[in-house]
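Listing of run11.pdb; format and content: PDB, C-alpha atoms.
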ATOM      1  CA  MET F1339      31.943  -8.208   9.949
ATOM      2  CA  ILE F1340      28.873  -8.762   7.769
ATOM      3  CA  SER F1341      29.013 -11.949   5.715
ATOM      4  CA  ALA F1342      27.271 -13.281   2.614
ATOM      5  CA  GLN F1343      25.313 -15.517   4.970
ATOM      6  CA  ASP F1344      23.999 -12.453   6.820
ATOM      7  CA  SER F1345      22.775 -11.020   3.513
ATOM      8  CA  PHE F1346      21.114 -14.341   2.682
ATOM      9  CA  PHE F1347      19.133 -14.378   5.923
ATOM     10  CA  MET F1348      18.101 -10.722   5.545
ATOM     11  CA  LYS F1349      16.899 -11.352   1.983
ATOM     12  CA  LYS F1350      14.886 -14.248   3.383
ATOM     13  CA  ALA F1351      13.302 -11.835   5.887
ATOM     14  CA  ILE F1352      12.469  -9.434   3.036
ATOM     15  CA  GLU F1353      10.792 -12.246   1.079
ATOM     16  CA  LEU F1354       8.729 -13.118   4.157
ATOM     17  CA  ALA F1355       7.679  -9.466   4.505
ATOM     18  CA  LYS F1356       6.119  -9.560   1.019
ATOM     19  CA  GLN F1357       3.458 -11.937   2.325
ATOM     20  CA  GLY F1358       1.915  -9.015   4.174
ATOM     21  CA  LYS F1359       1.357  -6.898   1.042
ATOM     22  CA  GLY F1360      -1.982  -5.116   1.184
ATOM     23  CA  ARG F1361      -2.633  -6.376   4.723
ATOM     24  CA  THR F1362      -0.594  -4.165   7.052
ATOM     25  CA  GLY F1363      -2.744  -1.029   7.259
ATOM     26  CA  LEU F1364      -0.596   1.903   8.375
ATOM     27  CA  PHE F1365       2.290  -0.370   9.330
ATOM     28  CA  PRO F1366       5.242  -1.057   7.004
ATOM     29  CA  LEU F1367       5.982  -4.482   5.562
ATOM     30  CA  SER F1368       8.301  -6.449   7.805
ATOM     31  CA  GLY F1369       9.651  -9.963   8.043
ATOM     32  CA  ALA F1370      12.000 -11.625  10.531
ATOM     33  CA  VAL F1371      14.308 -14.626  10.538
ATOM     34  CA  LEU F1372      15.761 -16.097  13.727
ATOM     35  CA  VAL F1373      19.010 -18.040  13.326
ATOM     36  CA  LYS F1374      20.977 -20.215  15.741
ATOM     37  CA  ASP F1375      24.073 -22.235  14.892
ATOM     38  CA  ASN F1376      23.645 -21.141  11.266
ATOM     39  CA  GLU F1377      20.183 -22.690  11.030
ATOM     40  CA  ILE F1378      16.815 -20.945  10.855
ATOM     41  CA  ILE F1379      14.811 -21.721  13.989
ATOM     42  CA  GLY F1380      12.007 -19.206  13.519
ATOM     43  CA  GLU F1381      10.359 -17.083  10.835
ATOM     44  CA  GLY F1382       7.657 -14.446  10.926
ATOM     45  CA  PHE F1383       6.023 -11.624   9.030
ATOM     46  CA  PHE F1384       3.478  -8.993   9.925
ATOM     47  CA  SER F1385      -0.076  -8.697   8.643
ATOM     48  CA  GLN F1386      -3.252  -7.464  10.282
ATOM     49  CA  GLY F1387      -4.440 -11.053  10.603
ATOM     50  CA  SER F1388      -1.328 -12.266  12.429
ATOM     51  CA  SER F1389      -0.939 -12.590  16.198
ATOM     52  CA  GLY F1390       1.929 -10.112  16.433
ATOM     53  CA  HIS F1391       4.766  -8.329  14.721
ATOM     54  CA  ALA F1392       7.312 -10.170  12.591
ATOM     55  CA  GLU F1393       9.889 -10.419  15.399
ATOM     56  CA  TYR F1394       7.335 -11.688  17.902
ATOM     57  CA  ASN F1395       6.163 -14.385  15.471
ATOM     58  CA  ALA F1396       9.736 -15.466  14.681
ATOM     59  CA  ILE F1397      10.648 -15.680  18.380
ATOM     60  CA  LYS F1398       7.462 -17.610  19.106
ATOM     61  CA  ALA F1399       8.355 -20.062  16.334
ATOM     62  CA  GLY F1400      11.737 -20.559  18.031
ATOM     63  CA  LYS F1401       9.921 -22.448  20.820
ATOM     64  CA  GLY F1402      12.216 -21.383  23.636
ATOM     65  CA  ASN F1403      15.435 -22.292  21.834
ATOM     66  CA  THR F1404      16.355 -18.647  21.323
ATOM     67  CA  GLU F1405      19.163 -18.003  23.795
ATOM     68  CA  GLY F1406      22.202 -16.703  21.886
ATOM     69  CA  ALA F1407      20.341 -16.564  18.547
ATOM     70  CA  ILE F1408      20.698 -13.903  15.843
ATOM     71  CA  LEU F1409      17.666 -11.985  14.569
ATOM     72  CA  TYR F1410      17.366 -10.536  11.068
ATOM     73  CA  VAL F1411      14.470  -8.076  10.740
ATOM     74  CA  VAL F1412      13.356  -5.763   7.928
ATOM     75  CA  ILE F1413      11.952  -2.902  10.051
ATOM     76  CA  GLU F1414      13.386  -1.817  13.376
ATOM     77  CA  PRO F1415      11.581  -3.533  16.278
ATOM     78  CA  CYS F1416       8.847  -1.597  18.064
ATOM     79  CA  PHE F1417       9.514  -0.168  21.529
ATOM     80  CA  LEU F1418       5.925   0.456  22.651
ATOM     81  CA  LYS F1419       3.802  -2.179  24.377
ATOM     82  CA  GLY F1420       0.526  -3.168  22.720
ATOM     83  CA  LYS F1421      -1.449  -6.388  23.193
ATOM     84  CA  ASN F1422       1.951  -8.066  23.497
ATOM     85  CA  ASN F1423       5.189  -6.818  25.008
ATOM     86  CA  SER F1424       7.188  -4.522  22.752
ATOM     87  CA  CYS F1425       9.376  -6.381  20.255
ATOM     88  CA  ALA F1426      12.441  -4.826  21.907
ATOM     89  CA  ASP F1427      11.373  -6.390  25.216
ATOM     90  CA  GLU F1428      10.677  -9.746  23.558
ATOM     91  CA  ILE F1429      14.146  -9.725  21.987
ATOM     92  CA  LYS F1430      15.772  -9.110  25.361
ATOM     93  CA  LYS F1431      13.572 -11.694  27.066
ATOM     94  CA  ALA F1432      14.465 -14.301  24.410
ATOM     95  CA  GLY F1433      18.178 -13.877  25.067
ATOM     96  CA  ILE F1434      18.985 -12.901  21.491
ATOM     97  CA  LYS F1435      22.612 -11.798  21.260
ATOM     98  CA  LYS F1436      22.660  -9.930  17.932
ATOM     99  CA  VAL F1437      20.114  -8.108  15.769
ATOM    100  CA  PHE F1438      20.450  -7.072  12.127
ATOM    101  CA  VAL F1439      18.012  -4.293  11.203
ATOM    102  CA  SER F1440      17.588  -3.430   7.541
ATOM    103  CA  MET F1441      15.792  -0.066   7.820
ATOM    104  CA  GLU F1442      14.256   2.366  10.277
ATOM    105  CA  ASP F1443      10.515   2.632  10.698
ATOM    106  CA  PRO F1444       9.303   5.328   8.247
ATOM    107  CA  ASN F1445       6.904   6.714  10.853
ATOM    108  CA  VAL F1446       8.770   9.750  12.216
ATOM    109  CA  SER F1447       7.240   9.311  15.677
ATOM    110  CA  ILE F1448       8.861   5.864  15.910
ATOM    111  CA  LYS F1449      11.893   6.164  13.632
ATOM    112  CA  GLY F1450      15.152   5.230  15.353
ATOM    113  CA  LYS F1451      13.640   4.668  18.785
ATOM    114  CA  GLY F1452      13.352   0.901  18.412
ATOM    115  CA  ILE F1453      17.000   0.595  17.424
ATOM    116  CA  LYS F1454      18.011   2.713  20.432
ATOM    117  CA  GLU F1455      15.901   0.548  22.740
ATOM    118  CA  ILE F1456      17.678  -2.628  21.602
ATOM    119  CA  PHE F1457      21.076  -0.978  21.857
ATOM    120  CA  ASP F1458      20.258   0.241  25.372
ATOM    121  CA  ASN F1459      19.450  -3.385  26.286
ATOM    122  CA  LYS F1460      23.128  -4.211  25.630
ATOM    123  CA  ILE F1461      22.328  -6.219  22.496
ATOM    124  CA  GLU F1462      24.664  -6.020  19.501
ATOM    125  CA  VAL F1463      22.944  -4.151  16.662
ATOM    126  CA  HIS F1464      23.868  -3.902  12.985
ATOM    127  CA  PHE F1465      21.894  -1.440  10.857
ATOM    128  CA  GLY F1466      21.423  -1.050   7.090
ATOM    129  CA  LEU F1467      21.871  -4.597   5.768
ATOM    130  CA  GLU F1468      20.089  -4.823   2.358
ATOM    131  CA  ALA F1469      18.523  -1.427   3.068
ATOM    132  CA  LYS F1470      17.850  -0.638  -0.602
ATOM    133  CA  LEU F1471      15.735  -3.769  -0.997
ATOM    134  CA  SER F1472      13.766  -3.003   2.166
ATOM    135  CA  GLN F1473      13.214   0.624   1.174
ATOM    136  CA  LYS F1474      11.970  -0.418  -2.261
ATOM    137  CA  LEU F1475       9.604  -2.891  -0.641
ATOM    138  CA  ASN F1476       8.280  -0.166   1.674
ATOM    139  CA  GLU F1477       8.204   2.731  -0.784
ATOM    140  CA  HIS F1478       4.449   3.130  -0.165
ATOM    141  CA  PHE F1479       5.008   3.796   3.520
ATOM    142  CA  ILE F1480       8.093   5.962   3.079
ATOM    143  CA  LYS F1481       6.085   8.219   0.736
ATOM    144  CA  TYR F1482       3.029   8.243   2.991
ATOM    145  CA  TYR F1483       4.888   9.160   6.176
ATOM    146  CA  SER F1484       6.941  11.828   4.431
ATOM    147  CA  SER F1485       3.980  13.551   2.735
ATOM    148  CA  LYS F1486       0.798  12.219   4.387
ATOM    149  CA  THR F1487      -0.458  11.383   0.900
ATOM    150  CA  PRO F1488      -0.626   7.959  -0.767
ATOM    151  CA  PHE F1489       2.127   6.511  -2.912
ATOM    152  CA  VAL F1490       0.660   6.567  -6.427
ATOM    153  CA  ASN F1491       1.402   4.139  -9.231
ATOM    154  CA  MET F1492      -0.081   3.969 -12.706
ATOM    155  CA  VAL F1493      -0.860   0.838 -14.696
ATOM    156  CA  SER F1494      -1.743   0.786 -18.372
ATOM    157  CA  CYS F1495      -2.025  -1.992 -20.923
ATOM    158  CA  MET F1496      -0.887  -0.962 -24.379
ATOM    159  CA  THR F1497       0.408  -2.233 -27.672
ATOM    160  CA  LEU F1498       4.043  -1.984 -28.705
ATOM    161  CA  ASP F1499       3.234   1.198 -30.611
ATOM    162  CA  GLY F1500       1.669   2.829 -27.533
ATOM    163  CA  LYS F1501      -2.061   2.303 -28.195
ATOM    164  CA  ILE F1502      -4.373   1.540 -25.270
ATOM    165  CA  SER F1503      -7.405   0.563 -27.397
ATOM    166  CA  THR F1504      -8.558   0.013 -30.950
ATOM    167  CA  VAL F1505     -10.008   2.846 -33.021
ATOM    168  CA  ILE F1506     -13.477   1.841 -31.789
ATOM    169  CA  GLY F1507     -12.384   1.830 -28.154
ATOM    170  CA  ASP F1508     -12.030  -1.933 -27.680
ATOM    171  CA  ARG F1509      -9.399  -2.813 -25.057
ATOM    172  CA  ASP F1510     -10.072  -6.480 -24.325
ATOM    173  CA  TRP F1511      -7.799  -7.846 -27.019
ATOM    174  CA  ILE F1512      -4.738  -6.003 -25.641
ATOM    175  CA  ILE F1513      -4.561  -7.789 -22.284
ATOM    176  CA  GLY F1514      -4.062 -11.560 -21.983
ATOM    177  CA  ASP F1515      -4.769 -13.959 -19.118
ATOM    178  CA  GLU F1516      -1.266 -13.704 -17.677
ATOM    179  CA  SER F1517      -1.387  -9.908 -17.630
ATOM    180  CA  ARG F1518      -4.900  -9.925 -16.213
ATOM    181  CA  ASN F1519      -3.878 -12.222 -13.354
ATOM    182  CA  PHE F1520      -0.900  -9.969 -12.605
ATOM    183  CA  LEU F1521      -3.216  -6.953 -12.590
ATOM    184  CA  HIS F1522      -5.468  -8.553  -9.974
ATOM    185  CA  GLU F1523      -2.442  -9.381  -7.806
ATOM    186  CA  LEU F1524      -1.280  -5.786  -8.163
ATOM    187  CA  ARG F1525      -4.667  -4.371  -7.205
ATOM    188  CA  SER F1526      -4.734  -6.433  -4.014
ATOM    189  CA  SER F1527      -1.512  -4.791  -2.799
ATOM    190  CA  TYR F1528      -2.907  -1.227  -3.008
ATOM    191  CA  ASP F1529      -5.331   0.510  -0.654
ATOM    192  CA  THR F1530      -7.240   2.320  -3.398
ATOM    193  CA  ILE F1531      -7.743   2.110  -7.144
ATOM    194  CA  ILE F1532      -8.367   5.389  -8.996
ATOM    195  CA  SER F1533     -10.256   5.671 -12.256
ATOM    196  CA  GLY F1534     -12.082   8.328 -14.243
ATOM    197  CA  VAL F1535     -15.797   8.599 -14.890
ATOM    198  CA  ASN F1536     -15.338   8.176 -18.653
ATOM    199  CA  THR F1537     -13.765   4.760 -18.064
ATOM    200  CA  ILE F1538     -16.675   3.827 -15.800
ATOM    201  CA  ILE F1539     -19.247   4.912 -18.386
ATOM    202  CA  ARG F1540     -17.453   3.324 -21.353
ATOM    203  CA  ASP F1541     -16.157   0.048 -19.877
ATOM    204  CA  ASP F1542     -18.284  -0.421 -16.730
ATOM    205  CA  PRO F1543     -15.468  -2.202 -14.809
ATOM    206  CA  GLN F1544     -16.001  -3.603 -11.316
ATOM    207  CA  LEU F1545     -12.402  -2.687 -10.340
ATOM    208  CA  SER F1546     -12.206  -5.604  -7.925
ATOM    209  CA  SER F1547      -9.384  -8.010  -7.168
ATOM    210  CA  LYS F1548      -9.759 -11.695  -7.921
ATOM    211  CA  ALA F1549      -6.329 -12.570  -6.528
ATOM    212  CA  ILE F1550      -6.434 -15.604  -4.240
ATOM    213  CA  GLY F1551      -6.415 -14.352  -0.675
ATOM    214  CA  GLY F1552      -6.212 -10.777  -1.959
ATOM    215  CA  ARG F1553      -8.090  -7.782  -0.628
ATOM    216  CA  ALA F1554     -10.091  -5.522  -2.903
ATOM    217  CA  PRO F1555      -8.970  -1.874  -2.978
ATOM    218  CA  VAL F1556     -11.380   0.972  -2.308
ATOM    219  CA  LYS F1557     -12.567   2.424  -5.612
ATOM    220  CA  VAL F1558     -11.993   6.142  -6.184
ATOM    221  CA  ILE F1559     -13.731   7.756  -9.153
ATOM    222  CA  ILE F1560     -12.740  11.187 -10.477
ATOM    223  CA  ASP F1561     -16.094  12.543 -11.669
ATOM    224  CA  THR F1562     -16.305  16.321 -12.162
ATOM    225  CA  TYR F1563     -20.072  16.495 -12.781
ATOM    226  CA  ALA F1564     -21.160  13.423 -10.750
ATOM    227  CA  LYS F1565     -22.145  11.521 -13.892
ATOM    228  CA  THR F1566     -21.297   8.018 -12.636
ATOM    229  CA  PRO F1567     -24.256   5.761 -13.596
ATOM    230  CA  LEU F1568     -26.062   4.446 -10.529
ATOM    231  CA  ASN F1569     -26.104   0.911 -11.956
ATOM    232  CA  SER F1570     -22.334   0.816 -12.511
ATOM    233  CA  LYS F1571     -20.497  -2.342 -11.456
ATOM    234  CA  VAL F1572     -18.200  -0.312  -9.190
ATOM    235  CA  PHE F1573     -21.046  -0.236  -6.651
ATOM    236  CA  ILE F1574     -20.897  -4.016  -6.304
ATOM    237  CA  LYS F1575     -19.360  -4.591  -2.899
ATOM    238  CA  SER F1576     -16.297  -6.804  -2.555
ATOM    239  CA  LYS F1577     -15.375  -8.821   0.509
ATOM    240  CA  ARG F1578     -13.327  -6.554   2.746
ATOM    241  CA  ASP F1579     -11.871  -6.834   6.225
ATOM    242  CA  ASP F1580     -12.481  -3.245   7.317
ATOM    243  CA  LEU F1581     -15.224  -0.643   7.472
ATOM    244  CA  LYS F1582     -13.882   1.764   4.853
ATOM    245  CA  PRO F1583     -16.240   2.818   2.044
ATOM    246  CA  ASN F1584     -16.467   0.646  -1.046
ATOM    247  CA  VAL F1585     -16.541   3.631  -3.431
ATOM    248  CA  ILE F1586     -15.370   7.226  -3.087
ATOM    249  CA  ILE F1587     -16.446   9.640  -5.819
ATOM    250  CA  ALA F1588     -14.596  12.962  -6.108
ATOM    251  CA  VAL F1589     -16.657  15.702  -7.766
ATOM    252  CA  SER F1590     -16.293  19.427  -8.368
ATOM    253  CA  ALA F1591     -18.485  22.205  -6.958
ATOM    254  CA  HIS F1592     -20.491  22.109 -10.183
ATOM    255  CA  ALA F1593     -21.954  18.701  -9.365
ATOM    256  CA  THR F1594     -25.631  19.148  -8.474
ATOM    257  CA  ASP F1595     -26.978  18.345  -5.024
ATOM    258  CA  GLU F1596     -29.433  15.962  -6.670
ATOM    259  CA  ARG F1597     -26.671  13.889  -8.285
ATOM    260  CA  ILE F1598     -24.561  13.900  -5.113
ATOM    261  CA  LYS F1599     -27.544  12.647  -3.127
ATOM    262  CA  ALA F1600     -28.218   9.919  -5.709
ATOM    263  CA  LEU F1601     -24.623   8.682  -5.645
ATOM    264  CA  THR F1602     -24.625   8.707  -1.851
ATOM    265  CA  SER F1603     -27.834   6.654  -1.823
ATOM    266  CA  ALA F1604     -26.153   4.175  -4.190
ATOM    267  CA  GLY F1605     -23.484   3.572  -1.552
ATOM    268  CA  ALA F1606     -20.726   6.014  -2.481
ATOM    269  CA  GLU F1607     -18.938   8.502  -0.264
ATOM    270  CA  VAL F1608     -18.967  11.724  -2.292
ATOM    271  CA  ILE F1609     -16.313  14.394  -1.719
ATOM    272  CA  VAL F1610     -16.175  17.834  -3.324
ATOM    273  CA  CYS F1611     -12.636  18.658  -4.451
ATOM    274  CA  SER F1612     -12.848  21.625  -6.801
ATOM    275  CA  ASP F1613      -9.788  23.144  -8.410
ATOM    276  CA  GLU F1614     -10.058  26.887  -7.732
ATOM    277  CA  LYS F1615      -8.004  27.602 -10.852
ATOM    278  CA  TYR F1616     -10.992  26.466 -12.905
ATOM    279  CA  ASP F1617     -13.973  28.320 -11.465
ATOM    280  CA  ASP F1618     -15.736  28.630 -14.820
ATOM    281  CA  GLU F1619     -18.239  25.766 -15.297
ATOM    282  CA  LYS F1620     -16.925  25.075 -18.793
ATOM    283  CA  TYR F1621     -13.481  24.311 -17.424
ATOM    284  CA  SER F1622     -14.478  22.913 -14.039
ATOM    285  CA  LYS F1623     -12.362  20.006 -12.850
ATOM    286  CA  VAL F1624     -11.495  17.997  -9.759
ATOM    287  CA  ASP F1625      -8.346  18.988  -7.893
ATOM    288  CA  ILE F1626      -6.256  15.806  -7.831
ATOM    289  CA  LYS F1627      -3.996  17.072  -5.057
ATOM    290  CA  LYS F1628      -7.019  17.586  -2.818
ATOM    291  CA  VAL F1629      -8.209  14.051  -3.585
ATOM    292  CA  LEU F1630      -4.840  12.582  -2.607
ATOM    293  CA  ALA F1631      -4.716  14.706   0.552
ATOM    294  CA  TYR F1632      -8.172  13.415   1.492
ATOM    295  CA  LEU F1633      -7.135   9.809   0.911
ATOM    296  CA  GLY F1634      -4.069  10.393   3.079
ATOM    297  CA  LYS F1635      -6.225  11.712   5.919
ATOM    298  CA  LYS F1636      -8.369   8.578   5.612
ATOM    299  CA  GLY F1637      -5.253   6.478   6.218
ATOM    300  CA  PHE F1638      -4.824   5.147   2.675
ATOM    301  CA  THR F1639      -1.109   4.703   2.032
ATOM    302  CA  SER F1640      -1.176   3.681  -1.644
ATOM    303  CA  SER F1641      -3.204   4.192  -4.819
ATOM    304  CA  ILE F1642      -3.053   2.617  -8.247
ATOM    305  CA  ILE F1643      -4.444   4.435 -11.278
ATOM    306  CA  GLU F1644      -6.366   2.460 -13.892
ATOM    307  CA  SER F1645      -7.896   4.824 -16.381
ATOM    308  CA  GLY F1646      -7.774   6.302 -19.841
ATOM    309  CA  GLY F1647      -5.345   8.765 -21.336
ATOM    310  CA  THR F1648      -7.063  11.920 -20.047
ATOM    311  CA  LEU F1649      -6.857  11.107 -16.340
ATOM    312  CA  ASN F1650      -3.417   9.538 -16.737
ATOM    313  CA  ALA F1651      -2.194  12.761 -18.311
ATOM    314  CA  SER F1652      -3.721  14.808 -15.482
ATOM    315  CA  PHE F1653      -1.811  12.859 -12.836
ATOM    316  CA  ILE F1654       1.437  13.100 -14.812
ATOM    317  CA  GLU F1655       0.905  16.844 -15.173
ATOM    318  CA  GLU F1656       0.388  17.198 -11.414
ATOM    319  CA  GLU F1657       3.793  15.628 -10.800
ATOM    320  CA  LYS F1658       5.649  18.162 -12.955
TER     321      LYS F1658
END
Hey, can you dump this file as structure tokens for me?
Amino acid sequence: MISAQDSFFMKKAIELAKQGKGRTGLFPLSGAVLVKDNEIIGEGFFSQGSSGHAEYNAIKAGKGNTEGAILYVVIEPCFLKGKNNSCADEIKKAGIKKVFVSMEDPNVSIKGKGIKEIFDNKIEVHFGLEAKLSQKLNEHFIKYYSSKTPFVNMVSCMTLDGKISTVIGDRDWIIGDESRNFLHELRSSYDTIISGVNTIIRDDPQLSSKAIGGRAPVKVIIDTYAKTPLNSKVFIKSKRDDLKPNVIIAVSAHATDERIKALTSAGAEVIVCSDEKYDDEKYSKVDIKKVLAYLGKKGFTSSIIESGGTLNASFIEEEK
């Protein structure tokens, strides 16, 4: 029988998992809590900078006092050996008697196999505790592994009557310090940030993240005619912990070779994503679906849109 105490410990594991936001690559967010005699003896979460998966870190924190303990974990334990033993093997080795798993791994090549491995090791398994919370936390990865395209969110600062700028295009007065700090935290939890060339020309944003300990997203500019100014602040490189490009600029087939070469020399990766429905130069545009498919192939699981009304409307239209 599942108790209120079980839910408490699983919610604690979910809170731990949040510490990995923006730092798990292609792996879902996971946290683990190890409990013995109704007391927490080990905690762990996964991030690319950690020594192992959430379960491994929680068991390690248990310092050998794990025999007969109960493990609460957000994502089903892995069953494949990497630099460490598989988490399923570590659970068996630690003598853990019961495991609560909140959700399956969204990766279809792994999904369900970790749970089966634990069950086959004669360990009591309970599945689905606080699953809705875990699925909400991992909505990026659920979307990515079901479609191979990034989970896309849109952020916009506006007045109560729906305006995103003054009549002269000034936006600074709309957003305050609290909102700006939240925006930087939000950016750090996404792989890419998408904006339109008109926003780059008009506002010249750097599109970085100033969140403490945060990671800057890759900047993706939708730029039909490759008009992005070469001195734009988006080309300023942010501190990153991988080798992915700093800026990706998506253009249409009507962008000139000269402009593409110039943007490439400025440090951008330029991709041609024309929408075949608009083959006339007057109506040429970038195919958003092709951009998202490209980002998915690059291994980006999430994107946040920060732009003006035109690009926002284009993404909304694509979802209809």
* To do: Can you give me, as a list in words, the residues this file yields under the PyMOL selection byres ((chain F and resi 1641-1650) around 6)?
  =>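 Evaluating the PyMOL selection byres ((chain F and resi 1641-1650) around 6) on these coordinates yields Val1490, Asn1491, Met1492, Val1493, Tyr1528, Asp1529, Thr1530, Ile1531, Ile1532, Ser1533, Gly1534, Ser1640, Ala1651, Ser1652 and Phe1653 of chain F.
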* Asked: Where does the PyMOL selection byres ((chain F and resi 1567-1569) around 8) land in this file, that is, which residues does it pick, as a PyMOL selection string?
  -> chain F and resi 1539+1565-1566+1570-1571+1573+1600-1601+1604
* To do: For Leu1354 in chain F, please output as a list in words all residues within 10 Å (counting all atoms listed in the file; exclusion window: fewer than 5 positions along the same chain).
  => Met1348, Lys1349, Leu1367, Ser1368, Gly1369, Ala1370, Val1371, Glu1381, Gly1382, Phe1383, Phe1384, Ala1392 and Val1412 of chain F
* Between F:Leu1545, F:Ile1456, F:Leu1630, F:Glu1655, single out the one closest to Pro1488 in chain F, counting all atoms listed in the file. => F:Leu1630
* To do: For Phe1638 in chain F, work out the shell of residues within 10 Å, counting only C-alpha atoms and skipping chain neighbours fewer than 4 positions away, then give it as a list in words.
  =>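 Residues meeting the cut-off are Gly1363, Leu1364, His1478, Phe1479, Tyr1482, Lys1486, Thr1487, Pro1488, Phe1489, Tyr1528, Asp1529, Thr1530, Pro1555, Val1556, Lys1582, Leu1630, Ala1631, Tyr1632, Leu1633 and Gly1634 of chain F.
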